[in-house]
Amino acid sequence: MPFSSNRREFLVQVGAAAVGAALGGPALAQTSKPMAERPRPRVVVGRDEALAKGEPAEHAEPIRKLLDAAMQRLTGASDAAAAWRTFFQPANRIGIKVNTLGYSTHPVVVDAIVAGLRAAGVPAENILIWDRFDSELVRAKFRLNKSTTGVRCFGTDADRVGRGYQEQVETNGRIGSCFSRIVAEQVDTLICVPVLKDHNLAGVSLGMKNFYGAIHNPNKYHDHNCDPYVADVVSHRFIAPKWRLTVVDAVRGQYQAGPGRSPEYFWPFGGLVVGADFVAVDAVAADLLEAKRRDAGLPTLADENRPCRHIATAGARGLGEADLKRIERVEV
Amino acid sequence: MDSLDNIFLHPTRRDVLRLGVACGAAGLLCGRRNVAAQDTAGTGALEGPKLEGVVRHEARHWESLPDRRVKCLLCPRECEVADVERGYCGVRENVGGRYQTLVYGALCSANVDPIEKKPLFHYRPGTTAFSIATAGCNIECKFCQNWQISQFRPEQVPSVEVPPQKLVDSCKAAGSPTIAYTYSEPTIFYEYMHDTAALARQQDIGSVMISNGYIQEKPMRELCRALTGAKIDLKAFTEKFYVEQCAGELKPVLHTLEVLKDVGIWFELVILIIPTLNDSADEIRQMSDWVVKHLGPNVPMHFTRYHPTYRLTNLPRTPVSTLERCRQTALDAGVRYVYLGNVPMHKGENTYCHNCGTELIHRVGMQTTDNRIRDGKCPKCGTAIPGVWSQDQALAVTSRPAEV
Ligand code: SF4
């Protein structure tokens, strides 16, 4: 039965967590080993020049191939299905957190992720694409599915299925928030699919910042470049322990004036950034954005008084690796 | 029924907190807000109206920045907000470089309360205030009693849209001489409060703002043309408390108090005393001295009792003896009218003439049971008692134009 949990499934999840740890995911990052002794997490930057042309939606097949290649490179698996199985088991209840605020995740990238999960044997009913609002998902061209069959897709605000936010306030560090019932109660495994984009306060809006969409009061946590609040949100028990994979939609990035959609700053990067260590993925993707800003003659994010403090804080807290020198960056 | 009457026939605490308006009157008033369907799984209590059902209205007091960003100038936080984002209060949103309020007339609470419950003790005692709120707040007190509306966003809280004239009509129908903008933080529904108060004043209805005082001078002065009274929370007398417990600042609040004093509007102060956090003798002495020096001896101070709630649950209720000590400190500093709050039947609930000590107003649990003031004076010694004792006085008190 989809979205249920029993002891066997729990053991499968624990097993998956161990695999994630071996690939430099958050479980490893939270061990007591000193940073210097830990293996460098791998982050794969996949690019295909063909993707940089036209609209992202026109490139379903190349995006799927690029993602599978990136997953194989990430895991070292001999084929794509095996690569996906490294992280995901059929019994997992998987929540794919997209970003539909302003400039949004392209559904074609999420389609490629779903194809990978299906190849790994995950039933469609165990996959849920979600964000805060039904209406924003629709605007981003996701197709809602609130039925009990097929890949489901809805917002936290969806009647009957999304079920709003939990009633109790969860305190973690400096945040006090009610979490979406989707992330708190309905899924045990998370894939984060942000879009490669600028953020006017946090510097960038990537994987970690995307989980502001899991709490009821993100507006309270924008001071001081959203720091340490982003790290407080993602280190919560509803998120970090469930988070297996980040796929940054970099098919077409936006290097300025985010998080709203600003076509004048679109950047046809034609790629994906993939990894299990969510801090490392954000660090690499933020570095790509900074490089693009340099090329475009823009000041650094720090010079615009919006350094990516939240990535550094997450690294300092051991949630993952924020030091670019200690990240194995691989290109495909 | 085309009024808010049914909302407050049987008010409960839950009504006050959130659901009163939406459950009681959603379809009756406008039927326009998209309130969540009957609940399904779980309690769903925090499911709210849909985003597309939120009321949108042009905001005031903001300026444009490059790249379609805006800077809000309503409160001292001065949020710089990018397109599609909201300010700290969660109820003001940048839509393509234009700033919008999402709570214009979006009432999530409505009740007829004794004016003493605000608390305002020197403003039309024994009358009622038609009390309303929307979702949202521009600070976050860890001890907020109304966090289930103040710390949520408009789309998360069931509400109904009530245009200003309809609210004034409802207030009249309820027999209340005053509208109170209260429960959450009215600064964040400024536009609605301003327009409603201006309209109400033309129709001889007063308006009182029950606020944290965290607002900029310009909008405050502009608003004072329409208001007839205010109650301001002075949450402590240290910046540390404001930063750590409220995500706010003390200095702008003190400035607001000076502005209110300058404008000449009637206002009272409430200080929620929390054990170990803001109850030291020194702090209360400094606060009281400041009040007397900057506001004068006639601004009433209410020291009220804290109960554990929201994110501050690890401290005990405030001992009554602490409140009594605070009261005495303020009296010793020269404040003439000092009260205790949330301590029913205590003599600190009553009003005594500052000249002869005669008991003027007797209260029980935030209700006036006996008012002996005549024409604003002590019946025994004839001393004028500071306050607003009639509707004519309420409507005249801010008739001199406030500089904007
Ligand atoms: S009113 Fe709201 S948006 Fe405006 S400055 Fe204050 S918190 Fe920010």
# chains A, B, ... in the order shown; residues from 1 in each chain; ligands from 1
call {"tool": "interface_residues", "arguments": {"of": "chain A", "to": "chain B", "cutoff": "9 Å", "atoms": "only C-alpha atoms", "output": "ChimeraX atom specification"}}
result
/A:101-102,133-136,156-167,169,171,176,199-201,216-223,256-262
call {"tool": "residues_around", "arguments": {"residues": "segment 76-81 of chain A", "least_positions_apart": "6", "cutoff": "12 Å", "atoms": "only C-alpha atoms", "output": "PyMOL selection string"}}
result
chain A and resi 22-23+42+44+64-70+87-89+112-122+330
call {"tool": "residues_around", "arguments": {"residues": "Pro297 of chain B", "least_positions_apart": "6", "cutoff": "9 Å", "atoms": "only C-alpha atoms", "output": "list in words"}}
result
Val291, Ala333, Gly334, Val335, Arg336 and Tyr337 of chain B
call {"tool": "write_last_selection", "arguments": {"atoms": "N, CA, C and O atoms", "output": "compact mmCIF listing (two decimals), in the first residue's frame"}}
result
# COMPACT_ATOMS: atom_id res chain seq x y z
N VAL B 291 8.70 56.98 31.35
CA VAL B 291 7.30 57.30 31.05
C VAL B 291 6.93 58.66 31.62
O VAL B 291 6.36 59.52 30.93
N ALA B 333 7.43 56.29 41.11
CA ALA B 333 8.10 57.12 40.10
C ALA B 333 7.24 58.31 39.69
O ALA B 333 7.71 59.22 39.01
N GLY B 334 5.96 58.26 40.04
CA GLY B 334 5.09 59.40 39.72
C GLY B 334 4.01 59.10 38.71
O GLY B 334 3.25 60.01 38.33
N VAL B 335 3.93 57.86 38.24
CA VAL B 335 2.84 57.51 37.33
C VAL B 335 1.56 57.48 38.16
O VAL B 335 1.51 56.85 39.22
N ARG B 336 0.53 58.14 37.69
CA ARG B 336 -0.65 58.32 38.54
C ARG B 336 -1.62 57.14 38.50
O ARG B 336 -2.37 56.92 39.47
N TYR B 337 -1.65 56.47 37.37
CA TYR B 337 -2.63 55.38 37.23
C TYR B 337 -1.91 54.11 36.79
O TYR B 337 -1.42 54.03 35.66
call {"tool": "select_by_dssp", "arguments": {"residues": "segment 269-306 of chain B", "states": "strand (DSSP E)", "output": "count of residues only"}}
result
10
call {"tool": "atom_distance", "arguments": {"atom1": "atom CA of Ala296 of chain A", "atom2": "atom CA of Tyr212 of chain A"}}
result
28.8 Å
call {"tool": "atom_distance", "arguments": {"atom1": "atom CA of Lys117 of chain B", "atom2": "atom CA of Arg374 of chain B"}}
result
22.4 Å
call {"tool": "atom_distance", "arguments": {"atom1": "atom CA of Trp267 of chain A", "atom2": "atom CA of Tyr255 of chain A"}}
result
6.9 Å
call {"tool": "residues_around", "arguments": {"residues": "Tyr229 of chain A", "least_positions_apart": "3", "cutoff": "9 Å", "atoms": "only C-alpha atoms", "output": "number ranges by chain"}}
result
A: 173-175, 221-223, 225-226, 232-234, 310
call {"tool": "residues_around", "arguments": {"residues": "Gly206 of chain B", "least_positions_apart": "3", "cutoff": "10 Å", "atoms": "only C-alpha atoms", "output": "JSON, numbers by chain"}}
result
{"B": [129, 168, 176, 177, 178, 179, 180, 197, 198, 199, 200, 201, 202, 203, 226, 227, 228, 229, 391, 392, 394, 395]}
call {"tool": "write_last_selection", "arguments": {"atoms": "N, CA, C and O atoms", "output": "short mmCIF file (atom, residue, chain, number, x, y, z; two decimals), in the first residue's frame"}}
result
data_model
loop_
_atom_site.label_atom_id
_atom_site.label_comp_id
_atom_site.auth_asym_id
_atom_site.auth_seq_id
_atom_site.Cartn_x
_atom_site.Cartn_y
_atom_site.Cartn_z
N ALA B 129 -16.21 47.39 22.64
CA ALA B 129 -15.44 47.68 21.43
C ALA B 129 -15.67 46.54 20.45
O ALA B 129 -15.51 45.37 20.80
N VAL B 168 -18.26 49.18 9.81
CA VAL B 168 -18.85 50.29 10.57
C VAL B 168 -20.33 49.99 10.84
O VAL B 168 -20.82 50.16 11.97
N SER B 176 -21.89 49.22 19.64
CA SER B 176 -20.56 49.59 20.16
C SER B 176 -20.19 50.99 19.68
O SER B 176 -20.34 51.28 18.49
N PRO B 177 -19.67 51.82 20.55
CA PRO B 177 -19.24 53.15 20.10
C PRO B 177 -17.85 53.15 19.48
O PRO B 177 -17.39 54.17 18.97
N THR B 178 -17.18 51.99 19.53
CA THR B 178 -15.76 51.96 19.17
C THR B 178 -15.44 50.69 18.38
O THR B 178 -15.95 49.61 18.70
N ILE B 179 -14.57 50.84 17.41
CA ILE B 179 -13.97 49.68 16.76
C ILE B 179 -12.56 49.53 17.33
O ILE B 179 -11.81 50.51 17.39
N ALA B 180 -12.20 48.32 17.72
CA ALA B 180 -10.83 48.06 18.17
C ALA B 180 -10.13 47.19 17.14
O ALA B 180 -10.65 46.14 16.75
N ALA B 197 -11.21 53.49 10.02
CA ALA B 197 -11.25 54.47 11.11
C ALA B 197 -11.70 55.84 10.60
O ALA B 197 -12.47 56.54 11.26
N ALA B 198 -11.23 56.21 9.41
CA ALA B 198 -11.63 57.51 8.85
C ALA B 198 -13.13 57.53 8.57
O ALA B 198 -13.83 58.51 8.88
N LEU B 199 -13.61 56.44 8.01
CA LEU B 199 -15.04 56.33 7.71
C LEU B 199 -15.87 56.31 8.99
O LEU B 199 -16.91 56.97 9.10
N ALA B 200 -15.39 55.57 9.96
CA ALA B 200 -16.11 55.44 11.23
C ALA B 200 -16.21 56.79 11.93
O ALA B 200 -17.26 57.16 12.46
N ARG B 201 -15.13 57.53 11.91
CA ARG B 201 -15.12 58.84 12.58
C ARG B 201 -16.20 59.76 12.00
O ARG B 201 -16.89 60.47 12.74
N GLN B 202 -16.36 59.69 10.68
CA GLN B 202 -17.41 60.52 10.04
C GLN B 202 -18.80 60.13 10.52
O GLN B 202 -19.74 60.89 10.43
N GLN B 203 -18.91 58.90 11.03
CA GLN B 203 -20.22 58.41 11.46
C GLN B 203 -20.27 58.24 12.99
O GLN B 203 -21.01 57.41 13.51
N ALA B 226 -7.37 59.71 12.18
CA ALA B 226 -8.61 58.93 12.19
C ALA B 226 -8.85 58.22 13.52
O ALA B 226 -9.99 57.98 13.91
N LEU B 227 -7.78 57.88 14.22
CA LEU B 227 -7.94 57.14 15.48
C LEU B 227 -8.51 58.03 16.58
O LEU B 227 -8.39 59.25 16.54
N THR B 228 -9.06 57.36 17.60
CA THR B 228 -9.51 58.11 18.79
C THR B 228 -8.82 57.61 20.05
O THR B 228 -9.07 58.13 21.14
N GLY B 229 -7.99 56.60 19.94
CA GLY B 229 -7.27 56.11 21.10
C GLY B 229 -6.34 54.98 20.71
O GLY B 229 -6.41 54.46 19.59
N GLN B 391 -18.25 60.12 24.13
CA GLN B 391 -17.99 59.95 22.70
C GLN B 391 -17.60 61.29 22.07
O GLN B 391 -16.75 61.32 21.19
N ASP B 392 -18.22 62.35 22.52
CA ASP B 392 -17.84 63.66 21.98
C ASP B 392 -16.37 63.93 22.22
O ASP B 392 -15.64 64.41 21.35
N ALA B 394 -14.09 61.66 22.71
CA ALA B 394 -13.30 60.72 21.90
C ALA B 394 -13.12 61.25 20.49
O ALA B 394 -12.01 61.22 19.94
N LEU B 395 -14.19 61.79 19.92
CA LEU B 395 -14.14 62.22 18.53
C LEU B 395 -13.45 63.58 18.39
O LEU B 395 -12.98 63.92 17.31
#
call {"tool": "residues_around", "arguments": {"residues": "Asn298 of chain B", "least_positions_apart": "5", "cutoff": "12 Å", "atoms": "only C-alpha atoms", "output": "JSON, numbers by chain"}}
result
{"B": [122, 261, 266, 267, 268, 269, 288, 291, 292, 293, 330, 331, 334, 335, 336, 337, 338, 353, 354, 384, 385, 386, 387]}
call {"tool": "write_last_selection", "arguments": {"atoms": "N, CA and C atoms", "output": "PDB file, in the first residue's frame"}}
result
ATOM      1  N   HIS B 122      -9.172  54.019  30.787  1.00  0.00           N
ATOM      2  CA  HIS B 122      -9.569  55.433  30.867  1.00  0.00           C
ATOM      3  C   HIS B 122     -10.215  55.875  29.559  1.00  0.00           C
ATOM      4  N   LYS B 261       2.129  61.033  22.078  1.00  0.00           N
ATOM      5  CA  LYS B 261       2.067  62.110  23.071  1.00  0.00           C
ATOM      6  C   LYS B 261       1.991  63.470  22.362  1.00  0.00           C
ATOM      7  N   TRP B 266      -5.313  59.889  23.081  1.00  0.00           N
ATOM      8  CA  TRP B 266      -5.292  59.145  24.337  1.00  0.00           C
ATOM      9  C   TRP B 266      -4.660  57.770  24.130  1.00  0.00           C
ATOM     10  N   PHE B 267      -3.747  57.398  25.027  1.00  0.00           N
ATOM     11  CA  PHE B 267      -3.183  56.043  24.937  1.00  0.00           C
ATOM     12  C   PHE B 267      -2.769  55.544  26.306  1.00  0.00           C
ATOM     13  N   GLU B 268      -2.734  54.231  26.416  1.00  0.00           N
ATOM     14  CA  GLU B 268      -2.327  53.556  27.647  1.00  0.00           C
ATOM     15  C   GLU B 268      -1.260  52.519  27.308  1.00  0.00           C
ATOM     16  N   LEU B 269      -0.505  52.127  28.327  1.00  0.00           N
ATOM     17  CA  LEU B 269       0.607  51.197  28.116  1.00  0.00           C
ATOM     18  C   LEU B 269       0.334  49.877  28.819  1.00  0.00           C
ATOM     19  N   SER B 288       9.555  53.319  34.244  1.00  0.00           N
ATOM     20  CA  SER B 288       8.586  54.241  34.841  1.00  0.00           C
ATOM     21  C   SER B 288       9.117  55.671  34.807  1.00  0.00           C
ATOM     22  N   VAL B 291       8.698  56.975  31.353  1.00  0.00           N
ATOM     23  CA  VAL B 291       7.297  57.297  31.047  1.00  0.00           C
ATOM     24  C   VAL B 291       6.933  58.662  31.619  1.00  0.00           C
ATOM     25  N   VAL B 292       7.290  58.865  32.875  1.00  0.00           N
ATOM     26  CA  VAL B 292       6.932  60.138  33.513  1.00  0.00           C
ATOM     27  C   VAL B 292       7.628  61.295  32.801  1.00  0.00           C
ATOM     28  N   LYS B 293       8.910  61.104  32.480  1.00  0.00           N
ATOM     29  CA  LYS B 293       9.683  62.189  31.872  1.00  0.00           C
ATOM     30  C   LYS B 293       9.214  62.493  30.444  1.00  0.00           C
ATOM     31  N   ALA B 330       6.143  51.931  39.845  1.00  0.00           N
ATOM     32  CA  ALA B 330       5.642  52.948  38.907  1.00  0.00           C
ATOM     33  C   ALA B 330       4.940  54.080  39.650  1.00  0.00           C
ATOM     34  N   LEU B 331       4.164  53.719  40.672  1.00  0.00           N
ATOM     35  CA  LEU B 331       3.496  54.764  41.470  1.00  0.00           C
ATOM     36  C   LEU B 331       4.536  55.657  42.137  1.00  0.00           C
ATOM     37  N   GLY B 334       5.962  58.263  40.040  1.00  0.00           N
ATOM     38  CA  GLY B 334       5.094  59.395  39.720  1.00  0.00           C
ATOM     39  C   GLY B 334       4.007  59.104  38.707  1.00  0.00           C
ATOM     40  N   VAL B 335       3.933  57.858  38.245  1.00  0.00           N
ATOM     41  CA  VAL B 335       2.839  57.508  37.331  1.00  0.00           C
ATOM     42  C   VAL B 335       1.558  57.476  38.162  1.00  0.00           C
ATOM     43  N   ARG B 336       0.531  58.142  37.694  1.00  0.00           N
ATOM     44  CA  ARG B 336      -0.650  58.321  38.538  1.00  0.00           C
ATOM     45  C   ARG B 336      -1.620  57.139  38.500  1.00  0.00           C
ATOM     46  N   TYR B 337      -1.652  56.471  37.366  1.00  0.00           N
ATOM     47  CA  TYR B 337      -2.634  55.381  37.230  1.00  0.00           C
ATOM     48  C   TYR B 337      -1.910  54.113  36.792  1.00  0.00           C
ATOM     49  N   VAL B 338      -1.825  53.174  37.715  1.00  0.00           N
ATOM     50  CA  VAL B 338      -1.074  51.946  37.453  1.00  0.00           C
ATOM     51  C   VAL B 338      -1.964  50.765  37.807  1.00  0.00           C
ATOM     52  N   CYS B 353      -8.656  58.117  42.420  1.00  0.00           N
ATOM     53  CA  CYS B 353      -8.309  59.507  42.124  1.00  0.00           C
ATOM     54  C   CYS B 353      -6.863  59.784  42.542  1.00  0.00           C
ATOM     55  N   HIS B 354      -6.095  60.351  41.630  1.00  0.00           N
ATOM     56  CA  HIS B 354      -4.682  60.572  41.962  1.00  0.00           C
ATOM     57  C   HIS B 354      -4.516  61.699  42.978  1.00  0.00           C
ATOM     58  N   ALA B 384      -9.891  66.816  37.780  1.00  0.00           N
ATOM     59  CA  ALA B 384     -10.099  66.248  36.440  1.00  0.00           C
ATOM     60  C   ALA B 384      -9.290  64.960  36.317  1.00  0.00           C
ATOM     61  N   ILE B 385      -9.942  63.916  35.854  1.00  0.00           N
ATOM     62  CA  ILE B 385      -9.269  62.616  35.708  1.00  0.00           C
ATOM     63  C   ILE B 385      -8.878  62.437  34.248  1.00  0.00           C
ATOM     64  N   PRO B 386      -7.596  62.176  33.990  1.00  0.00           N
ATOM     65  CA  PRO B 386      -7.182  62.044  32.593  1.00  0.00           C
ATOM     66  C   PRO B 386      -7.862  60.858  31.923  1.00  0.00           C
ATOM     67  N   GLY B 387      -8.311  61.070  30.695  1.00  0.00           N
ATOM     68  CA  GLY B 387      -8.953  59.975  29.978  1.00  0.00           C
ATOM     69  C   GLY B 387      -9.975  60.493  28.993  1.00  0.00           C
TER      70      GLY B 387
END
call {"tool": "closest_residue", "arguments": {"among": "A:Gly270, A:Pro41, A:Asn172, A:Thr148", "to": "Asp323 of chain A", "atoms": "only C-alpha atoms"}}
result
A:Pro41
call {"tool": "closest_residue", "arguments": {"among": "B:Leu120, B:Cys356, B:Val320, B:Ile265", "to": "His302 of chain B", "atoms": "only C-alpha atoms"}}
result
B:Leu120
call {"tool": "select_by_dssp", "arguments": {"residues": "segment 174-266 of chain B", "states": "alpha helix (DSSP H)", "output": "VMD selection string"}}
result
chain B and resid 174 190 to 202 217 to 224 239 to 246 251 to 263
